[in-house]
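Source file: coords_5.pdb; contents: PDB, C-alpha atoms, pLDDT in the B column.
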```
ATOM      1  CA  MET A   1      49.650  55.045 -16.112  1.00 52.00           C
ATOM      2  CA  GLU A   2      49.997  55.132 -19.823  1.00 63.00           C
ATOM      3  CA  LYS A   3      46.260  55.545 -20.149  1.00 69.00           C
ATOM      4  CA  ASN A   4      46.396  58.699 -18.030  1.00 81.00           C
ATOM      5  CA  ARG A   5      49.218  60.112 -20.123  1.00 86.00           C
ATOM      6  CA  LEU A   6      47.209  59.470 -23.278  1.00 83.00           C
ATOM      7  CA  GLU A   7      44.159  61.179 -21.818  1.00 84.00           C
ATOM      8  CA  GLU A   8      46.225  64.166 -20.729  1.00 86.00           C
ATOM      9  CA  PHE A   9      47.809  64.417 -24.173  1.00 84.00           C
ATOM     10  CA  ILE A  10      44.380  64.362 -25.850  1.00 80.00           C
ATOM     11  CA  LYS A  11      42.979  66.999 -23.476  1.00 82.00           C
ATOM     12  CA  GLU A  12      45.957  69.284 -23.962  1.00 83.00           C
ATOM     13  CA  ASN A  13      45.967  68.959 -27.768  1.00 80.00           C
ATOM     14  CA  ARG A  14      42.235  68.719 -28.450  1.00 77.00           C
ATOM     15  CA  GLY A  15      42.140  71.807 -30.556  1.00 74.00           C
ATOM     16  CA  GLU A  16      44.725  70.383 -32.929  1.00 74.00           C
ATOM     17  CA  PHE A  17      42.591  67.260 -33.462  1.00 70.00           C
ATOM     18  CA  ASP A  18      39.392  69.137 -34.251  1.00 68.00           C
ATOM     19  CA  PHE A  19      40.617  71.145 -37.215  1.00 68.00           C
ATOM     20  CA  ARG A  20      39.236  68.564 -39.660  1.00 69.00           C
ATOM     21  CA  THR A  21      35.508  68.130 -40.051  1.00 74.00           C
ATOM     22  CA  PRO A  22      33.754  65.753 -42.419  1.00 73.00           C
ATOM     23  CA  SER A  23      32.107  67.147 -45.511  1.00 77.00           C
ATOM     24  CA  PRO A  24      28.304  67.508 -45.694  1.00 80.00           C
ATOM     25  CA  GLU A  25      28.204  64.642 -48.215  1.00 85.00           C
ATOM     26  CA  VAL A  26      29.554  62.242 -45.609  1.00 79.00           C
ATOM     27  CA  TRP A  27      26.903  63.375 -43.125  1.00 79.00           C
ATOM     28  CA  ASP A  28      24.204  62.901 -45.794  1.00 81.00           C
ATOM     29  CA  LYS A  29      25.372  59.331 -46.440  1.00 82.00           C
ATOM     30  CA  ILE A  30      25.378  58.590 -42.736  1.00 80.00           C
ATOM     31  CA  ASN A  31      21.859  59.986 -42.354  1.00 79.00           C
ATOM     32  CA  THR A  32      20.475  57.994 -45.301  1.00 78.00           C
ATOM     33  CA  ALA A  33      22.119  54.801 -44.069  1.00 73.00           C
ATOM     34  CA  THR A  34      20.584  55.154 -40.634  1.00 72.00           C
ATOM     35  CA  LYS A  35      17.140  56.024 -42.010  1.00 65.00           C
ATOM     36  CA  GLU A  36      16.951  52.856 -44.154  1.00 61.00           C
ATOM     37  CA  THR A  37      16.326  50.548 -41.244  1.00 60.00           C
ATOM     38  CA  LYS A  38      13.317  48.360 -41.825  1.00 65.00           C
ATOM     39  CA  VAL A  39      10.373  48.601 -39.556  1.00 66.00           C
ATOM     40  CA  VAL A  40       8.585  45.267 -39.503  1.00 66.00           C
ATOM     41  CA  SER A  41       5.206  45.287 -37.926  1.00 75.00           C
ATOM     42  CA  LEU A  42       4.091  42.737 -35.419  1.00 79.00           C
ATOM     43  CA  ARG A  43       1.252  41.824 -37.756  1.00 82.00           C
ATOM     44  CA  HIS A  44       3.783  40.553 -40.294  1.00 80.00           C
ATOM     45  CA  TYR A  45       5.219  38.121 -37.754  1.00 82.00           C
ATOM     46  CA  PHE A  46       1.761  36.898 -36.778  1.00 87.00           C
ATOM     47  CA  MET A  47       0.929  36.252 -40.428  1.00 87.00           C
ATOM     48  CA  ARG A  48       4.098  34.213 -40.840  1.00 87.00           C
ATOM     49  CA  ALA A  49       3.404  32.228 -37.677  1.00 87.00           C
ATOM     50  CA  ALA A  50      -0.177  31.586 -38.794  1.00 88.00           C
ATOM     51  CA  ALA A  51       0.990  30.358 -42.208  1.00 88.00           C
ATOM     52  CA  ILE A  52       3.497  27.991 -40.611  1.00 90.00           C
ATOM     53  CA  ALA A  53       0.844  26.709 -38.216  1.00 89.00           C
ATOM     54  CA  VAL A  54      -1.563  26.041 -41.098  1.00 89.00           C
ATOM     55  CA  ILE A  55       1.125  24.141 -43.023  1.00 91.00           C
ATOM     56  CA  LEU A  56       2.039  22.036 -39.985  1.00 89.00           C
ATOM     57  CA  ILE A  57      -1.572  21.213 -39.194  1.00 90.00           C
ATOM     58  CA  ALA A  58      -2.339  20.308 -42.813  1.00 88.00           C
ATOM     59  CA  THR A  59       0.733  18.065 -42.965  1.00 88.00           C
ATOM     60  CA  GLY A  60      -0.277  16.353 -39.725  1.00 85.00           C
ATOM     61  CA  VAL A  61      -3.805  15.728 -40.955  1.00 86.00           C
ATOM     62  CA  ILE A  62      -2.570  14.306 -44.261  1.00 85.00           C
ATOM     63  CA  LEU A  63      -0.069  12.000 -42.544  1.00 82.00           C
ATOM     64  CA  TRP A  64      -2.682  10.894 -40.030  1.00 80.00           C
ATOM     65  CA  GLN A  65      -5.190  10.055 -42.778  1.00 78.00           C
ATOM     66  CA  ASN A  66      -2.571   8.155 -44.776  1.00 73.00           C
ATOM     67  CA  ASN A  67      -1.671   6.149 -41.710  1.00 67.00           C
ATOM     68  CA  LEU A  68      -5.321   5.227 -41.174  1.00 58.00           C
ATOM     69  CA  ASN A  69      -5.702   4.033 -44.771  1.00 54.00           C
ATOM     70  CA  ASN A  70      -2.436   2.107 -44.754  1.00 55.00           C
ATOM     71  CA  PRO A  71      -3.126  -1.518 -45.848  1.00 53.00           C
ATOM     72  CA  VAL A  72      -0.781  -2.847 -43.174  1.00 53.00           C
ATOM     73  CA  ARG A  73      -2.641  -0.903 -40.494  1.00 54.00           C
ATOM     74  CA  LEU A  74      -5.981  -2.141 -41.835  1.00 53.00           C
ATOM     75  CA  ALA A  75      -4.672  -5.704 -41.888  1.00 52.00           C
ATOM     76  CA  GLU A  76      -3.642  -5.451 -38.239  1.00 55.00           C
ATOM     77  CA  ASN A  77      -7.223  -4.655 -37.338  1.00 58.00           C
ATOM     78  CA  ALA A  78      -8.646  -7.364 -39.594  1.00 58.00           C
ATOM     79  CA  ASP A  79      -9.787 -10.784 -38.531  1.00 63.00           C
ATOM     80  CA  PRO A  80      -7.115 -13.409 -37.710  1.00 74.00           C
ATOM     81  CA  GLU A  81      -7.810 -15.459 -40.829  1.00 69.00           C
ATOM     82  CA  LEU A  82      -7.154 -12.463 -43.067  1.00 70.00           C
ATOM     83  CA  LYS A  83      -4.012 -11.645 -41.122  1.00 76.00           C
ATOM     84  CA  GLU A  84      -2.799 -15.221 -41.609  1.00 75.00           C
ATOM     85  CA  LEU A  85      -3.417 -14.970 -45.356  1.00 71.00           C
ATOM     86  CA  ILE A  86      -1.418 -11.751 -45.545  1.00 75.00           C
ATOM     87  CA  GLU A  87       1.462 -13.367 -43.659  1.00 81.00           C
ATOM     88  CA  ALA A  88       1.374 -16.377 -46.008  1.00 78.00           C
ATOM     89  CA  GLU A  89       1.443 -14.035 -49.011  1.00 76.00           C
ATOM     90  CA  ALA A  90       4.473 -12.244 -47.579  1.00 81.00           C
ATOM     91  CA  PHE A  91       6.233 -15.579 -46.941  1.00 85.00           C
ATOM     92  CA  TYR A  92       5.675 -16.876 -50.469  1.00 79.00           C
ATOM     93  CA  SER A  93       6.666 -13.556 -51.960  1.00 79.00           C
ATOM     94  CA  SER A  94       9.991 -13.580 -50.097  1.00 85.00           C
ATOM     95  CA  GLN A  95      10.597 -17.213 -51.122  1.00 84.00           C
ATOM     96  CA  VAL A  96       9.980 -16.349 -54.782  1.00 80.00           C
ATOM     97  CA  ASN A  97      12.366 -13.393 -54.591  1.00 83.00           C
ATOM     98  CA  GLN A  98      15.038 -15.595 -53.026  1.00 86.00           C
ATOM     99  CA  LYS A  99      14.666 -18.264 -55.757  1.00 82.00           C
ATOM    100  CA  LEU A 100      14.765 -15.583 -58.460  1.00 80.00           C
ATOM    101  CA  LYS A 101      18.117 -14.416 -57.143  1.00 83.00           C
ATOM    102  CA  GLU A 102      19.419 -17.992 -57.390  1.00 82.00           C
ATOM    103  CA  ILE A 103      18.124 -18.287 -60.961  1.00 78.00           C
ATOM    104  CA  GLN A 104      19.702 -14.984 -61.939  1.00 79.00           C
ATOM    105  CA  LYS A 105      23.058 -16.393 -60.896  1.00 81.00           C
ATOM    106  CA  CYS A 106      22.519 -19.142 -63.488  1.00 77.00           C
ATOM    107  CA  TYR A 107      22.038 -16.652 -66.334  1.00 74.00           C
ATOM    108  CA  TYR A 108      25.793 -16.478 -66.839  1.00 78.00           C
ATOM    109  CA  THR A 109      26.002 -20.236 -67.264  1.00 78.00           C
ATOM    110  CA  PHE A 110      22.790 -20.574 -69.311  1.00 75.00           C
ATOM    111  CA  PRO A 111      22.124 -17.293 -71.166  1.00 77.00           C
ATOM    112  CA  GLU A 112      19.240 -18.790 -73.174  1.00 78.00           C
ATOM    113  CA  LEU A 113      17.459 -19.467 -69.897  1.00 73.00           C
ATOM    114  CA  LYS A 114      16.980 -15.786 -69.207  1.00 75.00           C
ATOM    115  CA  HIS A 115      14.473 -15.114 -71.989  1.00 79.00           C
ATOM    116  CA  GLU A 116      12.365 -18.223 -71.363  1.00 78.00           C
ATOM    117  CA  ILE A 117      12.149 -17.837 -67.616  1.00 76.00           C
ATOM    118  CA  GLU A 118      11.619 -14.097 -67.585  1.00 77.00           C
ATOM    119  CA  THR A 119       8.756 -14.323 -70.083  1.00 82.00           C
ATOM    120  CA  ASP A 120       6.858 -16.745 -67.856  1.00 79.00           C
ATOM    121  CA  LEU A 121       7.761 -14.917 -64.659  1.00 77.00           C
ATOM    122  CA  ASN A 122       6.813 -11.531 -66.136  1.00 80.00           C
ATOM    123  CA  GLU A 123       3.401 -12.898 -67.086  1.00 83.00           C
ATOM    124  CA  LEU A 124       2.866 -14.194 -63.557  1.00 79.00           C
ATOM    125  CA  GLU A 125       4.258 -10.941 -62.144  1.00 80.00           C
ATOM    126  CA  GLY A 126       1.770  -8.951 -64.235  1.00 84.00           C
ATOM    127  CA  MET A 127      -1.107 -11.000 -62.870  1.00 82.00           C
ATOM    128  CA  TYR A 128       0.317 -10.567 -59.361  1.00 78.00           C
ATOM    129  CA  GLN A 129       0.402  -6.774 -59.760  1.00 81.00           C
ATOM    130  CA  LEU A 130      -3.224  -6.761 -60.909  1.00 82.00           C
ATOM    131  CA  LEU A 131      -4.166  -8.746 -57.834  1.00 78.00           C
ATOM    132  CA  LYS A 132      -2.162  -6.388 -55.661  1.00 77.00           C
ATOM    133  CA  ASN A 133      -4.031  -3.405 -57.127  1.00 79.00           C
ATOM    134  CA  ASP A 134      -7.325  -5.170 -56.409  1.00 76.00           C
ATOM    135  CA  LEU A 135      -6.152  -5.764 -52.860  1.00 71.00           C
ATOM    136  CA  GLU A 136      -5.398  -2.069 -52.317  1.00 72.00           C
ATOM    137  CA  GLU A 137      -8.995  -1.283 -53.256  1.00 72.00           C
ATOM    138  CA  ASN A 138     -10.426  -3.826 -50.806  1.00 69.00           C
ATOM    139  CA  ILE A 139      -8.041  -5.126 -48.138  1.00 64.00           C
ATOM    140  CA  SER A 140     -10.604  -7.471 -46.615  1.00 63.00           C
ATOM    141  CA  ASN A 141     -11.128  -9.431 -49.848  1.00 69.00           C
ATOM    142  CA  LYS A 142      -9.864 -12.879 -48.886  1.00 74.00           C
ATOM    143  CA  SER A 143     -10.244 -14.271 -52.390  1.00 78.00           C
ATOM    144  CA  VAL A 144      -7.755 -11.696 -53.742  1.00 76.00           C
ATOM    145  CA  ILE A 145      -5.208 -12.621 -51.085  1.00 75.00           C
ATOM    146  CA  GLU A 146      -5.729 -16.315 -51.775  1.00 78.00           C
ATOM    147  CA  ALA A 147      -5.218 -15.656 -55.503  1.00 80.00           C
ATOM    148  CA  MET A 148      -2.000 -13.764 -54.686  1.00 78.00           C
ATOM    149  CA  ILE A 149      -0.788 -16.712 -52.621  1.00 79.00           C
ATOM    150  CA  GLU A 150      -1.656 -19.110 -55.431  1.00 84.00           C
ATOM    151  CA  ASN A 151       0.198 -16.894 -57.904  1.00 81.00           C
ATOM    152  CA  ASN A 152       3.245 -16.903 -55.642  1.00 80.00           C
ATOM    153  CA  ARG A 153       3.002 -20.704 -55.370  1.00 83.00           C
ATOM    154  CA  TYR A 154       3.060 -20.965 -59.185  1.00 83.00           C
ATOM    155  CA  ARG A 155       6.020 -18.629 -59.367  1.00 80.00           C
ATOM    156  CA  LEU A 156       7.806 -20.555 -56.618  1.00 82.00           C
ATOM    157  CA  GLN A 157       7.080 -23.878 -58.343  1.00 85.00           C
ATOM    158  CA  LEU A 158       8.382 -22.476 -61.640  1.00 81.00           C
ATOM    159  CA  CYS A 159      11.561 -21.296 -59.950  1.00 80.00           C
ATOM    160  CA  ASP A 160      12.044 -24.644 -58.210  1.00 83.00           C
ATOM    161  CA  ASP A 161      11.544 -26.525 -61.504  1.00 83.00           C
ATOM    162  CA  VAL A 162      14.098 -24.327 -63.247  1.00 79.00           C
ATOM    163  CA  LEU A 163      16.638 -24.726 -60.456  1.00 80.00           C
ATOM    164  CA  ASN A 164      16.163 -28.508 -60.471  1.00 83.00           C
ATOM    165  CA  GLN A 165      16.639 -28.695 -64.241  1.00 80.00           C
ATOM    166  CA  VAL A 166      19.697 -26.473 -64.558  1.00 75.00           C
ATOM    167  CA  LYS A 167      21.384 -27.371 -61.255  1.00 74.00           C
ATOM    168  CA  CYS A 168      23.796 -24.477 -61.238  1.00 65.00           C
TER     169      CYS A 168
END
```

What's the structure tokens form of this structure?
Amino acid sequence: MEKNRLEEFIKENRGEFDFRTPSPEVWDKINTATKETKVVSLRHYFMRAAAIAVILIATGVILWQNNLNNPVRLAENADPELKELIEAEAFYSSQVNQKLKEIQKCYYTFPELKHEIETDLNELEGMYQLLKNDLEENISNKSVIEAMIENNRYRLQLCDDVLNQVKC
């Protein structure tokens, strides 16, 4: 009911509401604001979609090629003897890292031990990194893997000797 009364009031007094009109400046601003809408062509969207597709395809190809050249992936396809050597290298490497953590706990008790041990271990670590770089160049080189295992054995033996001597 109130809506009808409002409508009737507006109809009866319409002339009194229309005495004010906006200035031409207001109409000019309204016209310029409505004319500034951007018109984007369909070609622009296709170009964007094509660029995104190229980026996605290039990323996929790069990731796929990196996965094919991954040493772990190549080792999986290698002969069983090579795979066994890689597993042995990983075992010795983890053992050495575990012993190094034990030795590092002893540094607080024997601070002079740190310099002596780390010099020898850094030398062996340097040789190990060189072997690892050689391995990345040729994953099927069994002699490099055997040398890495031997290096880890020396490092493990050094760590065991130190732990036996200091007994911390």

Would you write out, as an MDAnalysis selection string, every residue that the PyMOL selection byres ((chain A and resi 119-129) around 10) captures in this file?
chainID A and resid 100 114:118 130:135 144 147:152 154:156 158:159

Padding of 4 Å on every side, edges along x, y and z, all listed atoms of stretch 124-129 of chain A included: what centre and edge lengths in Å, to one decimal, does that box have, as lines of an AutoDock Vina configuration file?
```
center_x = 1.6
center_y = -10.5
center_z = -61.8
size_x = 13.4
size_y = 15.4
size_z = 12.9
```

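Between A:Lys99 and the candidates A:Ile30, A:Ile10, A:Val61, A:Leu163, the tightest atom-to-atom separation, counting only C-alpha atoms, involves A:Leu163.
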
Which of these, A:Leu113, A:Met47, A:Ile55, A:Ala88, has the shortest distance to A:Gln165 once you count all atoms listed in the file?
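Nearest candidate to A:Gln165 out of A:Leu113, A:Met47, A:Ile55, A:Ala88: A:Leu113.
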
Of the listed residues A:Asn31, A:Val162, A:Lys11, A:Pro24, that which approaches A:Cys106 most closely, counting all atoms listed in the file:
A:Val162

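We find atom CA of A:Ser93 and atom CA of A:Gln157 to be spaced 12.1 Å apart.
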
In Å, rounded to a single decimal, give me how far atom CA of A:Lys167 is from atom CA of A:Glu102.
10.3 Å
